Amino acid sequence: MKFLLVEDNQELADAISSRMRLDGHVIEHAANLADAKAFVDVGEYDLILLDIMLPDGDGRDFLKAHRASNHDTPVIVLTARSQVSDRIGSLDLGADDYLTKPFDHAELEARCRAVLRRKTGKTKTIIELGGVVFDPLAGRLSVNTETVNLRNRELRLFELLVNSPGQVFSKQKLSDRLFSYDDDVSENAIEVYIGRLRKHLENSRLKIVTLRGLGYRLDHVL
C-alpha cells in the first residue's frame with residue numbers, strides 16, 4: 001500500500017515511516033499542508049495519516065478541502081487533542097478514524113488495516129482465488145498449498161493486482177504505487193517484478209497478462 005504521512009514532528013514521522021516500510025508499504029512524508037496538497041495533486045494514495053496542528057495551518061482544513069474535491073482516500077487523524085468535540089469534529093469532516101498522541105505503533109498499524117478493510121468492503125484480509133491463498137498482512141502466498149516467499153515489492157505488486165482482477169494497470173501507475181519519489185528506480189523495474197510474480201503463479205489459475213501499450217492485468221483462468 002502507498003501512504004501519505006502529514007506530520008511536522010520529524011522524529012515521529014521517521015518512526016512511523018520506518019515501521020510502515022518494514023511492513024512493505026511505500027510512504028511519502030509531508031511536513032506541512034502545502035507539501036501535502038502538492039503530493040495529493042500528483043499522486044494516488046491508499047491512506048492518509050494526517051496531523052492536525054501543522055506549521056502552515058490546521059489539518060482539518062486540508063481534510064475538508066480533500067473531501068470537497070470528492071477524494072475518498074481513507075484518512076486517519078493523528079493529534080494531541082483528546083477532547084471528544086475534536087474527535088467528533090474530525091469525523092464529521094470526513095476522517096475515517098482518529099488516534100490521539102502518544103499512541104502505540106502497533107495500534108496505528110491495526111487501525112490502518114481496519115480502515116483499509118472497510119474501504120474495500122472486506123471483513124477479512126485473506127484472499128483465495130484460482131488455487132492461490134494470499135495473506136497480505138502475514139506476507140504469505142500459497143500456490144496449490146505450496147508456500148511461496150515474496151519480497152516486499154513483489155508482495156505489494158501482487159496485492160494491487162489481486163485486489164482488482166481484470167483491471168488494467170499501466171506501468172506508470174504500478175511504479176507510482178510501489179515506489180516513493182526518493183527511490184532510485186530503473187526503467188525496467190516493473191517488468192522485473194512482473195516476471196518474478198509470473199514464475200510464482202505458474203502452477204495456479206492466475207495469469208498476469210501484458211496488454212501492449214496499456215499495461216498489465218491479472219486474469220483468473222477457469
# chains A, B, ... in the order shown; residues from 1 in each chain; ligands from 1

$ residues_around --residues "range 42-45 of chain A" --least-positions-apart "5" --cutoff "7 Å" --atoms "only C-alpha atoms" --output "PDB file with C-alpha atoms, in the first residue's frame"
ATOM      1  CA  LYS A   2       1.049   3.601  -0.527  1.00  0.00           C
ATOM      2  CA  PHE A   3       0.546   6.025   2.367  1.00  0.00           C
ATOM      3  CA  LEU A   4       0.890   9.784   2.744  1.00  0.00           C
ATOM      4  CA  THR A  73      -8.942   8.268   0.218  1.00  0.00           C
TER       5      THR A  73
END

$ atom_distance --atom1 "CA of Gln83 in chain A" --atom2 "CA of Leu47 in chain A"
24.1 Å

$ residues_around --residues "Ala31 in chain A" --least-positions-apart "6" --cutoff "8 Å" --atoms "only C-alpha atoms" --output "JSON, numbers by chain"
{"A": [6, 7, 8, 9, 10, 54]}

$ write_last_selection --atoms "N, CA and C atoms" --output "PDB file, in the first residue's frame"
ATOM      1  N   VAL A   6       1.260  13.148   6.867  1.00  0.00           N
ATOM      2  CA  VAL A   6       1.347  14.598   7.018  1.00  0.00           C
ATOM      3  C   VAL A   6       1.615  14.876   8.494  1.00  0.00           C
ATOM      4  N   GLU A   7       2.865  15.184   8.824  1.00  0.00           N
ATOM      5  CA  GLU A   7       3.290  15.301  10.222  1.00  0.00           C
ATOM      6  C   GLU A   7       4.530  16.195  10.295  1.00  0.00           C
ATOM      7  N   ASP A   8       4.490  17.229  11.149  1.00  0.00           N
ATOM      8  CA  ASP A   8       5.614  18.163  11.226  1.00  0.00           C
ATOM      9  C   ASP A   8       6.674  17.753  12.243  1.00  0.00           C
ATOM     10  N   ASN A   9       6.366  16.794  13.103  1.00  0.00           N
ATOM     11  CA  ASN A   9       7.352  16.300  14.064  1.00  0.00           C
ATOM     12  C   ASN A   9       8.234  15.276  13.346  1.00  0.00           C
ATOM     13  N   GLN A  10       9.470  15.670  13.051  1.00  0.00           N
ATOM     14  CA  GLN A  10      10.330  14.824  12.235  1.00  0.00           C
ATOM     15  C   GLN A  10      10.646  13.503  12.918  1.00  0.00           C
ATOM     16  N   LEU A  54      -0.336  21.947  12.216  1.00  0.00           N
ATOM     17  CA  LEU A  54       0.790  21.988  11.296  1.00  0.00           C
ATOM     18  C   LEU A  54       1.303  23.419  11.153  1.00  0.00           C
TER      19      LEU A  54
END

$ atom_distance --atom1 "CA of Lys207 in chain A" --atom2 "CA of His220 in chain A"
6.5 Å
